[in-house]
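J.: Contents of query.cif (mmCIF, C-alpha atoms and all ligand atoms) are below:
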data_entry
#
loop_
_atom_site.group_PDB
_atom_site.id
_atom_site.type_symbol
_atom_site.label_atom_id
_atom_site.label_comp_id
_atom_site.auth_asym_id
_atom_site.auth_seq_id
_atom_site.Cartn_x
_atom_site.Cartn_y
_atom_site.Cartn_z
ATOM 1 C CA MET A 647 20.681 -15.951 21.266
ATOM 2 C CA LYS A 648 20.876 -13.829 18.112
ATOM 3 C CA ALA A 649 21.185 -10.083 18.886
ATOM 4 C CA ARG A 650 18.417 -7.887 17.427
ATOM 5 C CA PRO A 651 19.861 -5.412 14.897
ATOM 6 C CA THR A 652 19.749 -1.843 16.235
ATOM 7 C CA TRP A 653 17.935 0.986 14.399
ATOM 8 C CA TRP A 654 21.003 2.423 12.709
ATOM 9 C CA ARG A 655 21.623 -0.941 11.052
ATOM 10 C CA ARG A 656 18.299 -0.592 9.310
ATOM 11 C CA PRO A 657 18.980 2.434 7.137
ATOM 12 C CA TRP A 658 15.905 1.894 4.918
ATOM 13 C CA VAL A 659 13.625 3.652 7.432
ATOM 14 C CA PHE A 660 15.337 7.000 6.804
ATOM 15 C CA PRO A 661 15.255 7.049 2.986
ATOM 16 C CA LEU A 662 11.640 5.870 3.163
ATOM 17 C CA GLY A 663 10.778 8.614 5.704
ATOM 18 C CA ALA A 664 12.536 11.201 3.486
ATOM 19 C CA LEU A 665 10.624 9.986 0.402
ATOM 20 C CA VAL A 666 7.283 10.227 2.233
ATOM 21 C CA THR A 667 8.163 13.732 3.527
ATOM 22 C CA ILE A 668 9.054 14.937 0.005
ATOM 23 C CA PHE A 669 5.865 13.377 -1.391
ATOM 24 C CA LEU A 670 3.679 15.051 1.239
ATOM 25 C CA ALA A 671 5.447 18.417 0.912
ATOM 26 C CA PHE A 672 4.681 18.313 -2.825
ATOM 27 C CA SER A 673 1.140 16.895 -2.568
ATOM 28 C CA LEU A 674 -0.468 18.747 0.334
ATOM 29 C CA PRO A 675 -0.323 22.521 -0.490
ATOM 30 C CA PRO A 676 -3.217 22.639 -3.050
ATOM 31 C CA TYR A 677 -5.490 20.886 -0.534
ATOM 32 C CA LEU A 678 -4.356 22.765 2.592
ATOM 33 C CA SER A 679 -5.170 26.015 0.769
ATOM 34 C CA LEU A 680 -8.874 24.974 0.757
ATOM 35 C CA ASP A 681 -9.130 26.646 -2.647
ATOM 36 C CA PRO A 682 -10.969 24.415 -5.170
ATOM 37 C CA ASP A 683 -9.244 26.232 -8.052
ATOM 38 C CA ARG A 684 -5.886 24.869 -6.879
ATOM 39 C CA SER A 685 -6.919 21.194 -7.110
ATOM 40 C CA ARG A 686 -4.654 19.084 -9.297
ATOM 41 C CA VAL A 687 -7.624 16.896 -10.247
ATOM 42 C CA PRO A 688 -10.228 18.477 -12.592
ATOM 43 C CA GLN A 689 -13.745 18.461 -11.096
ATOM 44 C CA PRO A 690 -15.984 15.827 -12.717
ATOM 45 C CA GLU A 691 -19.325 17.349 -13.806
ATOM 46 C CA ALA A 692 -21.373 14.856 -11.774
ATOM 47 C CA LEU A 693 -19.855 16.024 -8.455
ATOM 48 C CA GLY A 694 -18.855 19.633 -9.154
ATOM 49 C CA VAL A 695 -17.141 21.358 -6.242
ATOM 50 C CA ALA A 696 -18.185 18.496 -3.909
ATOM 51 C CA HIS A 697 -15.350 16.550 -5.558
ATOM 52 C CA TYR A 698 -12.786 18.935 -4.065
ATOM 53 C CA TRP A 699 -14.401 18.777 -0.621
ATOM 54 C CA THR A 700 -14.184 14.964 -0.747
ATOM 55 C CA LEU A 701 -10.624 15.086 -2.035
ATOM 56 C CA VAL A 702 -9.436 17.358 0.822
ATOM 57 C CA PRO A 703 -10.252 14.851 3.635
ATOM 58 C CA HIS A 704 -8.985 12.016 1.413
ATOM 59 C CA VAL A 705 -5.603 13.722 1.080
ATOM 60 C CA LEU A 706 -5.390 14.705 4.772
ATOM 61 C CA PHE A 707 -6.350 11.251 6.126
ATOM 62 C CA GLY A 708 -4.182 9.629 3.418
ATOM 63 C CA SER A 709 -1.224 11.660 4.729
ATOM 64 C CA ILE A 710 -1.858 10.318 8.246
ATOM 65 C CA ALA A 711 -1.976 6.765 6.823
ATOM 66 C CA LEU A 712 1.281 7.231 4.918
ATOM 67 C CA ALA A 713 3.200 8.832 7.816
ATOM 68 C CA THR A 714 2.021 6.286 10.405
ATOM 69 C CA ALA A 715 2.659 3.369 7.996
ATOM 70 C CA VAL A 716 6.369 4.212 7.878
ATOM 71 C CA LEU A 717 6.547 4.300 11.691
ATOM 72 C CA GLN A 718 4.535 1.073 12.042
ATOM 73 C CA ILE A 719 6.854 -1.040 9.905
ATOM 74 C CA TRP A 720 9.971 0.309 11.683
ATOM 75 C CA PRO A 721 11.224 -2.761 13.649
ATOM 76 C CA TRP A 722 12.987 -0.610 16.250
ATOM 77 C CA LEU A 723 9.766 1.190 17.246
ATOM 78 C CA ARG A 724 7.801 -2.077 17.378
ATOM 79 C CA ALA A 725 10.412 -3.776 19.564
ATOM 80 C CA ARG A 726 11.173 -0.894 21.934
ATOM 81 C CA HIS A 727 7.816 0.854 22.201
ATOM 82 C CA PRO A 728 5.034 -1.700 21.777
ATOM 83 C CA ALA A 729 2.484 0.664 23.398
ATOM 84 C CA TRP A 730 3.249 3.263 20.704
ATOM 85 C CA HIS A 731 2.914 0.566 18.044
ATOM 86 C CA ARG A 732 -0.625 -0.103 19.327
ATOM 87 C CA ARG A 733 -1.563 3.602 19.525
ATOM 88 C CA LEU A 734 -0.158 4.437 16.102
ATOM 89 C CA GLY A 735 -1.809 1.298 14.747
ATOM 90 C CA ARG A 736 -5.227 2.553 15.828
ATOM 91 C CA LEU A 737 -4.426 5.961 14.291
ATOM 92 C CA TYR A 738 -3.327 4.243 11.050
ATOM 93 C CA VAL A 739 -6.565 2.249 10.795
ATOM 94 C CA PHE A 740 -9.217 4.673 12.096
ATOM 95 C CA GLY A 741 -7.588 8.084 11.546
ATOM 96 C CA GLY A 742 -5.926 7.176 8.244
ATOM 97 C CA VAL A 743 -6.951 4.242 6.069
ATOM 98 C CA LEU A 744 -10.652 4.051 7.005
ATOM 99 C CA PRO A 745 -11.624 7.696 6.226
ATOM 100 C CA ALA A 746 -9.082 7.982 3.359
ATOM 101 C CA GLY A 747 -10.314 4.691 1.851
ATOM 102 C CA LEU A 748 -14.018 5.596 2.075
ATOM 103 C CA THR A 749 -13.413 9.007 0.455
ATOM 104 C CA ALA A 750 -11.177 7.265 -2.161
ATOM 105 C CA LEU A 751 -14.163 5.084 -3.113
ATOM 106 C CA VAL A 752 -16.160 8.262 -3.876
ATOM 107 C CA VAL A 753 -13.474 10.251 -5.740
ATOM 108 C CA GLY A 754 -12.366 6.994 -7.389
ATOM 109 C CA ALA A 755 -15.829 6.209 -8.759
ATOM 110 C CA PHE A 756 -16.099 9.768 -10.177
ATOM 111 C CA THR A 757 -12.566 10.098 -11.512
ATOM 112 C CA PRO A 758 -12.247 12.368 -14.553
ATOM 113 C CA PHE A 759 -9.413 10.137 -15.881
ATOM 114 C CA GLY A 760 -11.505 7.489 -17.632
ATOM 115 C CA PRO A 761 -12.914 3.996 -17.028
ATOM 116 C CA VAL A 762 -9.565 2.136 -16.757
ATOM 117 C CA THR A 763 -8.430 4.417 -13.921
ATOM 118 C CA ARG A 764 -11.916 4.230 -12.362
ATOM 119 C CA ALA A 765 -11.806 0.413 -12.168
ATOM 120 C CA SER A 766 -8.313 0.519 -10.644
ATOM 121 C CA ASN A 767 -9.209 3.207 -8.077
ATOM 122 C CA VAL A 768 -12.328 1.455 -6.829
ATOM 123 C CA LEU A 769 -10.635 -1.948 -6.630
ATOM 124 C CA LEU A 770 -7.596 -0.462 -4.863
ATOM 125 C CA ALA A 771 -9.750 1.399 -2.331
ATOM 126 C CA ALA A 772 -11.743 -1.767 -1.558
ATOM 127 C CA LEU A 773 -8.575 -3.889 -1.183
ATOM 128 C CA TRP A 774 -6.928 -1.205 0.963
ATOM 129 C CA LEU A 775 -9.889 -1.130 3.336
ATOM 130 C CA GLY A 776 -10.213 -4.935 3.303
ATOM 131 C CA CYS A 777 -6.545 -5.764 4.010
ATOM 132 C CA THR A 778 -6.288 -3.104 6.730
ATOM 133 C CA LEU A 779 -9.468 -4.136 8.542
ATOM 134 C CA ALA A 780 -8.427 -7.815 8.305
ATOM 135 C CA GLY A 781 -5.037 -6.882 9.848
ATOM 136 C CA TRP A 782 -6.741 -4.960 12.643
ATOM 137 C CA ARG A 783 -9.122 -7.866 13.399
ATOM 138 C CA MET A 784 -6.229 -10.339 13.532
ATOM 139 C CA ALA A 785 -4.428 -8.128 16.065
ATOM 140 C CA ARG A 786 -7.619 -7.909 18.168
ATOM 141 C CA GLN A 787 -7.809 -11.710 18.137
ATOM 142 C CA ARG A 788 -4.076 -11.904 19.020
ATOM 143 C CA ARG A 789 -3.353 -13.833 15.811
ATOM 144 C CA PHE A 790 -0.148 -11.888 15.300
ATOM 145 C CA ALA A 791 1.364 -13.917 12.439
ATOM 146 C CA GLU A 792 -1.736 -13.236 10.327
ATOM 147 C CA HIS A 793 -1.882 -9.629 11.577
ATOM 148 C CA ARG A 794 1.645 -9.147 10.226
ATOM 149 C CA ARG A 795 0.756 -10.639 6.831
ATOM 150 C CA TRP A 796 -2.346 -8.456 6.322
ATOM 151 C CA MET A 797 -0.565 -5.330 7.467
ATOM 152 C CA ILE A 798 2.340 -5.939 5.074
ATOM 153 C CA ARG A 799 -0.243 -6.049 2.259
ATOM 154 C CA SER A 800 -1.920 -2.924 3.644
ATOM 155 C CA PHE A 801 1.458 -1.145 3.770
ATOM 156 C CA ALA A 802 2.206 -2.093 0.141
ATOM 157 C CA LEU A 803 -1.135 -0.558 -0.908
ATOM 158 C CA THR A 804 -0.591 2.595 1.170
ATOM 159 C CA ALA A 805 2.904 3.075 -0.297
ATOM 160 C CA SER A 806 1.502 2.520 -3.804
ATOM 161 C CA ILE A 807 0.410 6.173 -3.871
ATOM 162 C CA ILE A 808 4.121 7.030 -4.320
ATOM 163 C CA THR A 809 4.883 4.379 -6.962
ATOM 164 C CA ASN A 810 1.745 5.570 -8.793
ATOM 165 C CA ARG A 811 3.326 9.026 -9.225
ATOM 166 C CA ILE A 812 6.610 7.475 -10.411
ATOM 167 C CA TRP A 813 4.809 5.384 -13.072
ATOM 168 C CA GLY A 814 2.841 8.494 -14.071
ATOM 169 C CA ALA A 815 6.102 10.358 -14.767
ATOM 170 C CA VAL A 816 7.593 7.351 -16.626
ATOM 171 C CA ALA A 817 4.456 6.908 -18.769
ATOM 172 C CA THR A 818 4.290 10.651 -19.571
ATOM 173 C CA ILE A 819 7.943 10.760 -20.636
ATOM 174 C CA THR A 820 7.818 7.575 -22.730
ATOM 175 C CA LEU A 821 4.426 8.200 -24.372
ATOM 176 C CA ALA A 822 4.683 11.993 -24.968
ATOM 177 C CA PRO A 823 6.634 11.611 -28.261
ATOM 178 C CA ARG A 824 3.671 9.552 -29.584
ATOM 179 C CA LEU A 825 1.015 12.173 -28.827
ATOM 180 C CA ASP A 826 0.622 13.180 -32.484
ATOM 181 C CA THR A 827 0.937 9.667 -33.919
ATOM 182 C CA THR A 828 -0.507 6.942 -31.647
ATOM 183 C CA PHE A 829 -2.900 9.361 -29.888
ATOM 184 C CA HIS A 830 -3.745 11.483 -32.995
ATOM 185 C CA GLY A 831 -3.055 14.619 -30.917
ATOM 186 C CA ASP A 832 -5.885 13.764 -28.481
ATOM 187 C CA GLU A 833 -4.628 15.069 -25.124
ATOM 188 C CA VAL A 834 -7.613 13.713 -23.182
ATOM 189 C CA LEU A 835 -6.985 10.189 -24.474
ATOM 190 C CA PHE A 836 -3.273 10.628 -23.737
ATOM 191 C CA GLY A 837 -4.111 11.683 -20.138
ATOM 192 C CA TRP A 838 -6.433 8.690 -19.685
ATOM 193 C CA VAL A 839 -3.777 6.231 -20.904
ATOM 194 C CA VAL A 840 -1.016 7.734 -18.718
ATOM 195 C CA SER A 841 -3.346 7.738 -15.725
ATOM 196 C CA GLY A 842 -4.536 4.152 -16.382
ATOM 197 C CA VAL A 843 -0.971 2.820 -16.683
ATOM 198 C CA ALA A 844 0.092 4.622 -13.474
ATOM 199 C CA ALA A 845 -3.038 3.558 -11.587
ATOM 200 C CA TRP A 846 -2.720 -0.176 -12.326
ATOM 201 C CA LEU A 847 1.079 -0.517 -12.140
ATOM 202 C CA GLY A 848 1.096 1.716 -9.045
ATOM 203 C CA TRP A 849 -0.542 -0.845 -6.775
ATOM 204 C CA THR A 850 -0.344 -4.251 -8.499
ATOM 205 C CA LEU A 851 3.476 -4.338 -8.502
ATOM 206 C CA PRO A 852 3.910 -3.421 -4.779
ATOM 207 C CA LEU A 853 1.211 -5.970 -3.873
ATOM 208 C CA LEU A 854 2.977 -8.685 -5.905
ATOM 209 C CA ALA A 855 6.282 -7.716 -4.254
ATOM 210 C CA ALA A 856 4.629 -8.031 -0.830
ATOM 211 C CA GLU A 857 3.259 -11.491 -1.728
ATOM 212 C CA TRP A 858 6.699 -12.568 -2.943
ATOM 213 C CA TRP A 859 8.231 -11.338 0.330
ATOM 214 C CA LEU A 860 5.632 -13.185 2.424
ATOM 215 C CA GLU A 861 6.064 -16.384 0.412
ATOM 216 C CA ARG A 862 9.879 -16.192 0.776
ATOM 217 C CA ASP A 863 9.381 -15.798 4.532
ATOM 218 C CA ARG A 864 7.047 -18.773 4.634
ATOM 219 C CA SER A 865 9.351 -21.124 2.705
ATOM 220 C CA ARG A 866 12.322 -20.004 4.811
ATOM 221 C CA SER A 867 10.546 -20.912 8.076
ATOM 222 C CA ARG A 868 9.365 -24.191 6.490
ATOM 223 C CA ARG A 869 13.003 -25.042 5.658
ATOM 224 C CA LEU A 870 14.133 -24.151 9.192
ATOM 225 C CA ARG A 871 11.358 -26.285 10.704
ATOM 226 C CA ASP A 872 12.246 -29.257 8.476
ATOM 227 C CA ARG A 873 15.909 -28.968 9.478
ATOM 228 C CA ARG A 874 14.983 -29.033 13.179
ATOM 229 C CA ILE A 875 12.933 -32.258 12.924
ATOM 230 C CA PRO A 876 15.332 -35.194 13.485
ATOM 231 C CA VAL A 877 15.326 -37.738 10.679
ATOM 232 C CA GLN A 878 13.140 -40.706 11.680
ATOM 233 C CA PRO A 879 14.968 -44.048 11.432
ATOM 234 C CA ASP A 880 13.574 -46.304 8.740
ATOM 235 C CA PRO A 881 11.453 -48.769 10.791
ATOM 236 C CA VAL A 882 12.176 -51.695 8.433
ATOM 237 C CA VAL A 883 15.960 -51.262 8.724
ATOM 238 C CA ALA A 884 16.116 -50.105 12.348
ATOM 239 C CA GLU A 885 13.775 -52.574 14.030
ATOM 240 C CA PRO A 886 15.255 -55.942 14.881
ATOM 241 C CA ALA A 887 13.444 -58.770 13.177
ATOM 242 C CA VAL A 888 11.257 -60.114 15.939
ATOM 243 C CA ALA A 889 9.202 -63.056 14.979
ATOM 244 C CA GLY A 890 6.050 -61.587 16.619
ATOM 245 C CA ASN A 891 6.322 -58.423 14.488
ATOM 246 C CA ARG A 892 5.691 -60.203 11.263
HETATM 247 C C1 LIG B 901 -4.329 3.410 -1.486
HETATM 248 C C2 LIG B 901 -5.571 3.807 -1.685
HETATM 249 C C3 LIG B 901 -5.887 5.105 -2.386
HETATM 250 C C4 LIG B 901 -6.800 5.269 -3.350
HETATM 251 C C5 LIG B 901 -7.708 4.209 -3.939
HETATM 252 C C6 LIG B 901 -6.772 6.653 -3.746
HETATM 253 C C7 LIG B 901 -7.600 7.215 -4.696
HETATM 254 C C8 LIG B 901 -7.512 8.518 -5.132
HETATM 255 C C9 LIG B 901 -8.314 9.087 -6.163
HETATM 256 C C10 LIG B 901 -9.402 8.365 -6.923
HETATM 257 C C11 LIG B 901 -7.919 10.359 -6.340
HETATM 258 C C12 LIG B 901 -8.470 11.388 -7.343
HETATM 259 C C13 LIG B 901 -7.710 11.248 -8.654
HETATM 260 C C14 LIG B 901 -8.466 10.379 -9.615
HETATM 261 O O1 LIG B 901 -9.628 10.689 -9.873
HETATM 262 O O2 LIG B 901 -7.895 9.395 -10.135
HETATM 263 C C15 LIG B 901 -6.861 10.598 -5.402
HETATM 264 C C16 LIG B 901 -6.192 11.778 -5.309
HETATM 265 C C17 LIG B 901 -5.206 11.992 -4.397
HETATM 266 N N1 LIG B 901 -4.767 11.141 -3.431
HETATM 267 FE FE1 LIG B 901 -5.364 9.261 -3.162
HETATM 268 N N2 LIG B 901 -5.824 7.308 -3.003
HETATM 269 C C18 LIG B 901 -5.260 6.395 -2.155
HETATM 270 C C19 LIG B 901 -4.297 6.641 -1.211
HETATM 271 C C20 LIG B 901 -3.737 7.861 -0.977
HETATM 272 C C21 LIG B 901 -2.752 8.114 0.029
HETATM 273 C C22 LIG B 901 -2.189 7.107 1.039
HETATM 274 C C23 LIG B 901 -2.403 9.410 -0.087
HETATM 275 C C24 LIG B 901 -1.390 10.097 0.774
HETATM 276 C C25 LIG B 901 -1.325 11.359 0.973
HETATM 277 C C26 LIG B 901 -3.177 9.985 -1.187
HETATM 278 C C27 LIG B 901 -3.089 11.282 -1.661
HETATM 279 C C28 LIG B 901 -3.773 11.770 -2.735
HETATM 280 C C29 LIG B 901 -3.566 13.094 -3.289
HETATM 281 C C30 LIG B 901 -2.552 14.123 -2.810
HETATM 282 C C31 LIG B 901 -4.471 13.217 -4.333
HETATM 283 C C32 LIG B 901 -4.702 14.432 -5.232
HETATM 284 C C33 LIG B 901 -4.027 14.243 -6.561
HETATM 285 C C34 LIG B 901 -2.820 15.107 -6.668
HETATM 286 O O3 LIG B 901 -2.833 16.235 -6.169
HETATM 287 O O4 LIG B 901 -1.826 14.626 -7.261
HETATM 288 N N3 LIG B 901 -3.986 9.009 -1.678
HETATM 289 N N4 LIG B 901 -6.629 9.463 -4.685
#
I need this file expressed as structure tokens, please.
T.:
Amino acid sequence: MKARPTWWRRPWVFPLGALVTIFLAFSLPPYLSLDPDRSRVPQPEALGVAHYWTLVPHVLFGSIALATAVLQIWPWLRARHPAWHRRLGRLYVFGGVLPAGLTALVVGAFTPFGPVTRASNVLLAALWLGCTLAGWRMARQRRFAEHRRWMIRSFALTASIITNRIWGAVATITLAPRLDTTFHGDEVLFGWVVSGVAAWLGWTLPLLAAEWWLERDRSRSRRLRDRRIPVQPDPVVAEPAVAGNR
């Protein structure tokens, strides 16, 4: 039997945990202060200060989703502490993604960063809720292979909040020299374009990567299964020519 690799042979959990910790340490303070003036997102006129009070729970529940997601995909925790995997799974779905996704639908629909970002936010929130609830249902029905597939998609969407910020920085740095030419000095338009690029690349690329990973998995197990099936002898060659067979 093949030995299961131990946790220290899976070093990706620690860099990922460190990345999430740094992200949360940077993101949370303006929302823990409960001071609307410290929000990093300008208040859209249609919502006023209600925008901030929707953003605060979004950020707090989103943080729970992000922290529990890292623990949930850690193979060591799943293998050694299945009861914790179940408990943290419920926290991920009902104390993280569900409230963070519903509030994301509201702040997403009223984003001050333009229609391209709005479309991305609303679609992402709906997919995030959909994939996560599908994964939870599959686990309830003990269809664990499908549970795993939906939760890998859900994880990719949860983690996309970090890649979004990376694309935002890349787009700002590469497009800033064009502010006075391509954007005619219009900082609002510049902000909308940077935000739109970050919003769409932020989640579509991780989701495509997750699909590629799942497909690779699927074709690998198909190959293994094909190798295990013994080759059937060709009936025409193998069977002796019996008069009654013809
Ligand atoms: C994956 C689904 C998510 C969607 C659709 C979403 C959507 C949004 C939206 C619409 C905003 C307001 C900015 C804007 O108008 O564009 C926002 C802000 C924010 N979200 Fe999310 N979010 C998601 C996941 C998360 C997660 C998992 C976290 C983890 C902590 C998070 C943390 C934040 C923070 C900190 C802000 C405030 C912006 C800032 O201070 O940089 N979001 N989100």
J.: Determine the nearest neighbour of ligand LIG 901 (chain B) from the options A:Arg799, A:Arg783, A:His793, A:Arg869, counting all atoms listed in the file.
T.: A:Arg799
J.: Translate the PyMOL selection byres (((chain A and resi 705) around 10) and not hetatm), as applied to the file shown, into an explicit residue set as a ChimeraX atom specification.
T.: /A:670,673-674,677-678,700-704,706-711,742,745-746,749-750
J.: Keeping C-alpha atoms for every residue in the selection just given, could you write it to a file as a compact mmCIF listing (two decimals), keeping the file's coordinate frame?
T.:
# COMPACT_ATOMS: atom_id res chain seq x y z
CA LEU A 670 3.68 15.05 1.24
CA SER A 673 1.14 16.90 -2.57
CA LEU A 674 -0.47 18.75 0.33
CA TYR A 677 -5.49 20.89 -0.53
CA LEU A 678 -4.36 22.76 2.59
CA THR A 700 -14.18 14.96 -0.75
CA LEU A 701 -10.62 15.09 -2.04
CA VAL A 702 -9.44 17.36 0.82
CA PRO A 703 -10.25 14.85 3.64
CA HIS A 704 -8.98 12.02 1.41
CA LEU A 706 -5.39 14.70 4.77
CA PHE A 707 -6.35 11.25 6.13
CA GLY A 708 -4.18 9.63 3.42
CA SER A 709 -1.22 11.66 4.73
CA ILE A 710 -1.86 10.32 8.25
CA ALA A 711 -1.98 6.76 6.82
CA GLY A 742 -5.93 7.18 8.24
CA PRO A 745 -11.62 7.70 6.23
CA ALA A 746 -9.08 7.98 3.36
CA THR A 749 -13.41 9.01 0.46
CA ALA A 750 -11.18 7.26 -2.16
J.: Give me, as a PDB file with C-alpha atoms, keeping the file's coordinate frame, all polymer residues having an atom no more than 12 Å from A:Arg764, counting all atoms listed in the file and skipping those fewer than 4 positions away in the same chain.
T.:
ATOM      1  CA  ALA A 750     -11.177   7.265  -2.161  1.00  0.00           C
ATOM      2  CA  LEU A 751     -14.163   5.084  -3.113  1.00  0.00           C
ATOM      3  CA  VAL A 752     -16.160   8.262  -3.876  1.00  0.00           C
ATOM      4  CA  VAL A 753     -13.474  10.251  -5.740  1.00  0.00           C
ATOM      5  CA  GLY A 754     -12.366   6.994  -7.389  1.00  0.00           C
ATOM      6  CA  ALA A 755     -15.829   6.209  -8.759  1.00  0.00           C
ATOM      7  CA  PHE A 756     -16.099   9.768 -10.177  1.00  0.00           C
ATOM      8  CA  THR A 757     -12.566  10.098 -11.512  1.00  0.00           C
ATOM      9  CA  PRO A 758     -12.247  12.368 -14.553  1.00  0.00           C
ATOM     10  CA  PHE A 759      -9.413  10.137 -15.881  1.00  0.00           C
ATOM     11  CA  GLY A 760     -11.505   7.489 -17.632  1.00  0.00           C
ATOM     12  CA  VAL A 768     -12.328   1.455  -6.829  1.00  0.00           C
ATOM     13  CA  LEU A 769     -10.635  -1.948  -6.630  1.00  0.00           C
ATOM     14  CA  LEU A 770      -7.596  -0.462  -4.863  1.00  0.00           C
ATOM     15  CA  ALA A 771      -9.750   1.399  -2.331  1.00  0.00           C
ATOM     16  CA  TRP A 838      -6.433   8.690 -19.685  1.00  0.00           C
ATOM     17  CA  VAL A 839      -3.777   6.231 -20.904  1.00  0.00           C
ATOM     18  CA  SER A 841      -3.346   7.738 -15.725  1.00  0.00           C
ATOM     19  CA  GLY A 842      -4.536   4.152 -16.382  1.00  0.00           C
ATOM     20  CA  VAL A 843      -0.971   2.820 -16.683  1.00  0.00           C
ATOM     21  CA  ALA A 845      -3.038   3.558 -11.587  1.00  0.00           C
ATOM     22  CA  TRP A 846      -2.720  -0.176 -12.326  1.00  0.00           C
TER      23      TRP A 846
END
J.: Give me the residues near A:Gly837 as a PyMOL selection string, where near means some atom within 12 Å (using all atoms listed in the file) and where sequence neighbours in that chain fewer than 6 positions away do not count.
T.: chain A and resi 687-688+758-760+762-763+814-815+817-818+821-822+825+829+831+843-845
J.: Near stretch 662-669 of chain A, within 8 Å and counting all atoms listed in the file, which residues show up once chain neighbours fewer than 4 positions away are dropped, as a PyMOL selection string?
T.: chain A and resi 658+673+712-713+716+808
J.: Write out, as an mmCIF file, keeping the file's coordinate frame, the residues just selected, with C-alpha atoms.
T.:
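Contents of the output file again_13.cif:
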data_model
loop_
_atom_site.group_PDB
_atom_site.id
_atom_site.type_symbol
_atom_site.label_atom_id
_atom_site.label_comp_id
_atom_site.auth_asym_id
_atom_site.auth_seq_id
_atom_site.Cartn_x
_atom_site.Cartn_y
_atom_site.Cartn_z
ATOM 1 C CA TRP A 658 15.905 1.894 4.918
ATOM 2 C CA SER A 673 1.140 16.895 -2.568
ATOM 3 C CA LEU A 712 1.281 7.231 4.918
ATOM 4 C CA ALA A 713 3.200 8.832 7.816
ATOM 5 C CA VAL A 716 6.369 4.212 7.878
ATOM 6 C CA ILE A 808 4.121 7.030 -4.320
#
